[in-house]
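Asks: Dumping the structure here so I can ask a few things about it.
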Amino acid sequence: MPEVRALPVPDGLVGERVDAGLARLLGLSRTRAAELAGAGHVTLDGQPLAKSDRLTADGWLEVTLPDAPAAPAPAPVAGMAVRYEDADVVVVDKPVGVAAHPSPGWDGPTVVGALAAAGHRVATSGAAERQGVVHRLDVGTSGLMVVAKSEAAYTVLKRAFKERTVEKVYHALVQGHPDPTSGTIEAPIGRHPTAPYKMAVTAAGKDAVTHYATLEAMAGASLLEVHLETGRTHQIRVHLAAVRHPCVGDITYGADPRLAERLGLTRQWLHAVRLGFQHPVTGRWVEVRSDYPADLAQALERMRAGDR
């Protein structure tokens, strides 16, 4: 059965082209969003939209996602690098625009597809579409991700993430200056009550704990180091938005689109810079680091230079 998603137009996307806005809202590729509009699957207040139409304030979008076609053959992903590999695990540096694994409504590149295309064997444990995946990064978030190659590694790593013994460190460029400059955000996260395409701090959500520290303050923004205890969907983005310091460029969670445009940024400024874990077989500590990709590095330099 086709999936139908109905949602309001967020304030931050008012005036955006339909294809660009849908890509941000639903995590689709812009090409896929344009195809949906071209096929008549996107309406605003009941009226069909073309891909180049503009989203309007107070409108109600309805998007029909047809049944997913057969999974495409695994394909390599430009820019995805292997940072560590042995017989049991592989740590990749995931570029922006790449999903961890296939999912409904996503026909873009995936980490598991890229690994398969490159001849990397991964564990068969887990759901068929996410075999070997023990944690995920958002499509719009870049950085380090570990995938299990052996069945033993899958079991041990899943438990390690559940028991919070994995060190997950991110850098985030956020709007404004958090006060205090370092601290902990502890608030439950669940599905947003009126916008099911995103998450929110909600009493009915699952416990979530985020630690942050300011690395650098500049005019209008701060560079934070963020440590996660838990791994809820969109956790960093939701928690930082909840304290009124959204990631720069994160339109979905209230960031100023004008700032992102001035910095030449088309996604949230968030990068998984360090990943550390006890090796699931040998027991030794494995730690991998990642540099900022070019778009984030450029945006940060512009922010430092006062391009607000």
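Ordering of the structure tokens sets the chain letters (A, B, ...), residue numbers begin anew at 1 in every chain, and ligands are numbered from 1 in the order given.
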Residues at most 12 Å from Leu65 in chain A, counting only C-alpha atoms, excluding those fewer than 6 positions away in the same chain, as a ChimeraX atom specification?

Replies: /A:1-6,22,26,28,32-33,35-37,39-42,103-107

Asks: Take the residues from that selection and put them in a file with N, CA, C and O atoms, as a JSON list (two decimals), in the first residue's frame.

Replies:
[["chain", "number", "residue", "atom", "x", "y", "z"],
["A", 1, "MET", "N", 0.84, -1.20, 0.00],
["A", 1, "MET", "CA", 0.00, 0.00, 0.00],
["A", 1, "MET", "C", 0.88, 1.25, 0.00],
["A", 1, "MET", "O", 1.86, 1.32, 0.73],
["A", 2, "PRO", "N", 0.51, 2.25, -0.81],
["A", 2, "PRO", "CA", 1.27, 3.50, -0.77],
["A", 2, "PRO", "C", 1.16, 4.15, 0.61],
["A", 2, "PRO", "O", 0.16, 4.02, 1.30],
["A", 3, "GLU", "N", 2.20, 4.86, 0.98],
["A", 3, "GLU", "CA", 2.22, 5.58, 2.25],
["A", 3, "GLU", "C", 1.88, 7.04, 1.99],
["A", 3, "GLU", "O", 2.41, 7.66, 1.08],
["A", 4, "VAL", "N", 0.96, 7.60, 2.80],
["A", 4, "VAL", "CA", 0.56, 8.99, 2.66],
["A", 4, "VAL", "C", 1.01, 9.75, 3.91],
["A", 4, "VAL", "O", 0.71, 9.35, 5.03],
["A", 5, "ARG", "N", 1.74, 10.84, 3.69],
["A", 5, "ARG", "CA", 2.17, 11.67, 4.81],
["A", 5, "ARG", "C", 1.53, 13.05, 4.68],
["A", 5, "ARG", "O", 1.61, 13.69, 3.63],
["A", 6, "ALA", "N", 0.88, 13.49, 5.76],
["A", 6, "ALA", "CA", 0.25, 14.80, 5.80],
["A", 6, "ALA", "C", 0.93, 15.63, 6.88],
["A", 6, "ALA", "O", 1.08, 15.16, 8.01],
["A", 22, "LEU", "N", 10.65, 19.48, 0.21],
["A", 22, "LEU", "CA", 10.35, 18.07, 0.51],
["A", 22, "LEU", "C", 11.61, 17.28, 0.82],
["A", 22, "LEU", "O", 11.60, 16.39, 1.68],
["A", 26, "LEU", "N", 11.44, 15.37, 4.40],
["A", 26, "LEU", "CA", 11.24, 13.92, 4.43],
["A", 26, "LEU", "C", 12.51, 13.11, 4.26],
["A", 26, "LEU", "O", 12.47, 11.89, 4.25],
["A", 28, "LEU", "N", 14.37, 12.92, 1.62],
["A", 28, "LEU", "CA", 14.45, 12.37, 0.26],
["A", 28, "LEU", "C", 15.56, 13.06, -0.52],
["A", 28, "LEU", "O", 16.02, 14.14, -0.14],
["A", 32, "ARG", "N", 14.23, 12.71, -6.16],
["A", 32, "ARG", "CA", 13.04, 11.92, -5.81],
["A", 32, "ARG", "C", 11.86, 12.83, -5.48],
["A", 32, "ARG", "O", 10.73, 12.55, -5.88],
["A", 33, "ALA", "N", 12.12, 13.91, -4.77],
["A", 33, "ALA", "CA", 11.04, 14.85, -4.44],
["A", 33, "ALA", "C", 10.43, 15.45, -5.70],
["A", 33, "ALA", "O", 9.21, 15.60, -5.82],
["A", 35, "GLU", "N", 10.39, 14.07, -8.65],
["A", 35, "GLU", "CA", 9.64, 13.01, -9.33],
["A", 35, "GLU", "C", 8.25, 12.85, -8.72],
["A", 35, "GLU", "O", 7.25, 12.67, -9.43],
["A", 36, "LEU", "N", 8.17, 12.91, -7.39],
["A", 36, "LEU", "CA", 6.87, 12.78, -6.72],
["A", 36, "LEU", "C", 5.94, 13.92, -7.12],
["A", 36, "LEU", "O", 4.76, 13.70, -7.39],
["A", 37, "ALA", "N", 6.48, 15.14, -7.17],
["A", 37, "ALA", "CA", 5.65, 16.28, -7.57],
["A", 37, "ALA", "C", 5.21, 16.13, -9.03],
["A", 37, "ALA", "O", 4.05, 16.37, -9.37],
["A", 39, "ALA", "N", 4.68, 13.51, -10.66],
["A", 39, "ALA", "CA", 3.69, 12.44, -10.81],
["A", 39, "ALA", "C", 2.36, 12.78, -10.14],
["A", 39, "ALA", "O", 1.45, 11.94, -10.11],
["A", 40, "GLY", "N", 2.24, 14.00, -9.60],
["A", 40, "GLY", "CA", 0.99, 14.40, -8.97],
["A", 40, "GLY", "C", 0.81, 13.89, -7.56],
["A", 40, "GLY", "O", -0.32, 13.88, -7.04],
["A", 41, "HIS", "N", 1.91, 13.48, -6.92],
["A", 41, "HIS", "CA", 1.81, 12.89, -5.58],
["A", 41, "HIS", "C", 1.99, 13.91, -4.45],
["A", 41, "HIS", "O", 2.06, 13.53, -3.28],
["A", 42, "VAL", "N", 2.09, 15.21, -4.80],
["A", 42, "VAL", "CA", 2.28, 16.24, -3.78],
["A", 42, "VAL", "C", 1.19, 17.29, -3.92],
["A", 42, "VAL", "O", 1.01, 17.86, -5.01],
["A", 103, "SER", "N", 15.25, 2.36, 3.38],
["A", 103, "SER", "CA", 14.03, 2.53, 4.16],
["A", 103, "SER", "C", 12.93, 3.04, 3.24],
["A", 103, "SER", "O", 13.22, 3.55, 2.15],
["A", 104, "PRO", "N", 11.66, 2.92, 3.63],
["A", 104, "PRO", "CA", 10.56, 3.42, 2.79],
["A", 104, "PRO", "C", 10.72, 4.90, 2.49],
["A", 104, "PRO", "O", 11.01, 5.70, 3.38],
["A", 105, "GLY", "N", 10.55, 5.27, 1.22],
["A", 105, "GLY", "CA", 10.65, 6.66, 0.83],
["A", 105, "GLY", "C", 12.06, 7.13, 0.53],
["A", 105, "GLY", "O", 12.26, 8.26, 0.11],
["A", 106, "TRP", "N", 13.05, 6.25, 0.74],
["A", 106, "TRP", "CA", 14.44, 6.64, 0.45],
["A", 106, "TRP", "C", 15.00, 5.77, -0.65],
["A", 106, "TRP", "O", 15.06, 4.54, -0.51],
["A", 107, "ASP", "N", 15.39, 6.39, -1.76],
["A", 107, "ASP", "CA", 15.98, 5.62, -2.85],
["A", 107, "ASP", "C", 17.39, 6.12, -3.17],
["A", 107, "ASP", "O", 17.94, 5.83, -4.22]]

Asks: Can you tell me which residues surround Ala195 in chain A at a distance of at most 9 Å, considering only C-alpha atoms, apart from same-chain residues fewer than 2 positions away, and format the answer as a PyMOL selection string?

Replies: chain A and resi 6-8+191-193+197-199

Asks: Could you take the residues named above and write them with N, CA and C atoms, as a compact mmCIF listing (two decimals), in the first residue's frame?

Replies:
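Listed below is the output, out-v8.txt:
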# COMPACT_ATOMS: atom_id res chain seq x y z
N ALA A 6 0.88 13.49 5.76
CA ALA A 6 0.25 14.80 5.80
C ALA A 6 0.93 15.63 6.88
N LEU A 7 1.33 16.84 6.55
CA LEU A 7 2.09 17.64 7.50
C LEU A 7 1.99 19.12 7.13
N PRO A 8 2.10 20.01 8.14
CA PRO A 8 2.07 21.45 7.85
C PRO A 8 3.39 21.91 7.27
N ARG A 191 8.18 10.93 19.11
CA ARG A 191 7.64 11.47 17.87
C ARG A 191 6.90 12.77 18.17
N HIS A 192 7.08 13.77 17.31
CA HIS A 192 6.40 15.05 17.48
C HIS A 192 4.89 14.83 17.42
N PRO A 193 4.11 15.42 18.34
CA PRO A 193 2.67 15.12 18.39
C PRO A 193 1.87 15.58 17.18
N TYR A 197 6.95 13.78 10.94
CA TYR A 197 8.21 13.66 10.21
C TYR A 197 9.41 14.04 11.07
N LYS A 198 9.16 14.54 12.30
CA LYS A 198 10.28 14.92 13.16
C LYS A 198 10.03 14.47 14.59
N MET A 199 11.04 14.68 15.43
CA MET A 199 10.99 14.28 16.82
C MET A 199 10.85 15.52 17.70

Asks: With DSSP run on the backbone, what are the strand (DSSP E or B) residues within range 191-284 of chain A? I'd like them as JSON, numbers by chain.

Replies: {"A": [191, 199, 200, 201, 206, 209, 210, 211, 212, 213, 214, 215, 216, 217, 218, 221, 222, 223, 224, 225, 226, 227, 228, 247, 270, 271, 272, 273, 274, 275, 276, 277, 278]}

Asks: Might you pull out every residue within 12 Å of Ala152 in chain A, with only C-alpha atoms counted and same-chain residues fewer than 3 positions away left off, and present them as an mmCIF file with N, CA, C and O atoms, in the first residue's frame?

Replies:
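result01.cif was written with the following content:
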data_model
loop_
_atom_site.group_PDB
_atom_site.id
_atom_site.type_symbol
_atom_site.label_atom_id
_atom_site.label_comp_id
_atom_site.auth_asym_id
_atom_site.auth_seq_id
_atom_site.Cartn_x
_atom_site.Cartn_y
_atom_site.Cartn_z
ATOM 1 N N ALA A 87 38.515 -8.112 10.599
ATOM 2 C CA ALA A 87 37.614 -9.214 10.256
ATOM 3 C C ALA A 87 36.232 -9.074 10.877
ATOM 4 O O ALA A 87 35.278 -9.723 10.429
ATOM 5 N N ASP A 88 36.085 -8.213 11.896
ATOM 6 C CA ASP A 88 34.832 -8.147 12.644
ATOM 7 C C ASP A 88 34.069 -6.845 12.499
ATOM 8 O O ASP A 88 32.844 -6.826 12.648
ATOM 9 N N VAL A 89 34.759 -5.754 12.246
ATOM 10 C CA VAL A 89 34.092 -4.456 12.160
ATOM 11 C C VAL A 89 34.672 -3.623 11.032
ATOM 12 O O VAL A 89 35.815 -3.837 10.605
ATOM 13 N N VAL A 122 29.332 -8.046 5.448
ATOM 14 C CA VAL A 122 28.830 -7.582 6.740
ATOM 15 C C VAL A 122 27.986 -8.682 7.375
ATOM 16 O O VAL A 122 27.583 -9.647 6.713
ATOM 17 N N ALA A 123 27.726 -8.532 8.662
ATOM 18 C CA ALA A 123 26.948 -9.528 9.387
ATOM 19 C C ALA A 123 25.552 -9.659 8.791
ATOM 20 O O ALA A 123 24.986 -8.698 8.261
ATOM 21 N N THR A 124 24.982 -10.840 8.879
ATOM 22 C CA THR A 124 23.621 -11.060 8.384
ATOM 23 C C THR A 124 22.589 -10.863 9.483
ATOM 24 O O THR A 124 21.393 -10.956 9.234
ATOM 25 N N SER A 125 23.033 -10.579 10.710
ATOM 26 C CA SER A 125 22.104 -10.342 11.807
ATOM 27 C C SER A 125 21.391 -9.010 11.603
ATOM 28 O O SER A 125 21.913 -8.093 10.980
ATOM 29 N N GLY A 132 23.912 -5.865 9.801
ATOM 30 C CA GLY A 132 25.195 -5.371 10.245
ATOM 31 C C GLY A 132 25.161 -4.000 10.880
ATOM 32 O O GLY A 132 26.129 -3.575 11.516
ATOM 33 N N ALA A 148 28.964 -3.884 11.817
ATOM 34 C CA ALA A 148 29.489 -5.199 12.198
ATOM 35 C C ALA A 148 29.677 -6.074 10.965
ATOM 36 O O ALA A 148 28.801 -6.151 10.102
ATOM 37 N N LYS A 149 30.817 -6.762 10.895
ATOM 38 C CA LYS A 149 31.081 -7.689 9.801
ATOM 39 C C LYS A 149 30.824 -9.139 10.208
ATOM 40 O O LYS A 149 30.464 -9.965 9.368
ATOM 41 N N THR A 155 26.315 -8.844 17.774
ATOM 42 C CA THR A 155 25.683 -9.054 19.078
ATOM 43 C C THR A 155 26.334 -8.206 20.164
ATOM 44 O O THR A 155 25.662 -7.547 20.956
ATOM 45 N N VAL A 156 27.668 -8.200 20.183
ATOM 46 C CA VAL A 156 28.387 -7.464 21.230
ATOM 47 C C VAL A 156 28.224 -5.959 21.047
ATOM 48 O O VAL A 156 28.011 -5.218 22.018
ATOM 49 N N LEU A 157 28.304 -5.473 19.813
ATOM 50 C CA LEU A 157 28.184 -4.038 19.583
ATOM 51 C C LEU A 157 26.771 -3.534 19.853
ATOM 52 O O LEU A 157 26.594 -2.434 20.403
ATOM 53 N N LYS A 158 25.764 -4.306 19.497
ATOM 54 C CA LYS A 158 24.391 -3.901 19.813
ATOM 55 C C LYS A 158 24.229 -3.743 21.317
ATOM 56 O O LYS A 158 23.606 -2.779 21.792
ATOM 57 N N ARG A 159 24.796 -4.670 22.064
ATOM 58 C CA ARG A 159 24.709 -4.573 23.524
ATOM 59 C C ARG A 159 25.497 -3.374 24.039
ATOM 60 O O ARG A 159 25.053 -2.670 24.952
ATOM 61 N N HIS A 279 36.693 -3.280 21.252
ATOM 62 C CA HIS A 279 36.550 -4.206 20.136
ATOM 63 C C HIS A 279 35.729 -5.408 20.578
ATOM 64 O O HIS A 279 35.990 -6.000 21.631
ATOM 65 N N PRO A 280 34.704 -5.772 19.797
ATOM 66 C CA PRO A 280 33.778 -6.822 20.228
ATOM 67 C C PRO A 280 34.400 -8.214 20.336
ATOM 68 O O PRO A 280 33.813 -9.098 20.963
ATOM 69 N N VAL A 281 35.569 -8.434 19.766
ATOM 70 C CA VAL A 281 36.210 -9.750 19.818
ATOM 71 C C VAL A 281 37.511 -9.710 20.621
ATOM 72 O O VAL A 281 37.721 -10.515 21.540
ATOM 73 N N THR A 282 38.381 -8.749 20.334
ATOM 74 C CA THR A 282 39.677 -8.704 21.017
ATOM 75 C C THR A 282 39.609 -7.992 22.369
ATOM 76 O O THR A 282 40.470 -8.191 23.223
#

Asks: Near range 113-120 of chain A, counting only C-alpha atoms, which residues have an atom at most 9 Å away, once you skip same-chain residues fewer than 2 positions from it, shown as a PyMOL selection string?

Replies: chain A and resi 73-77+80+90+100-102+109-111+122+149
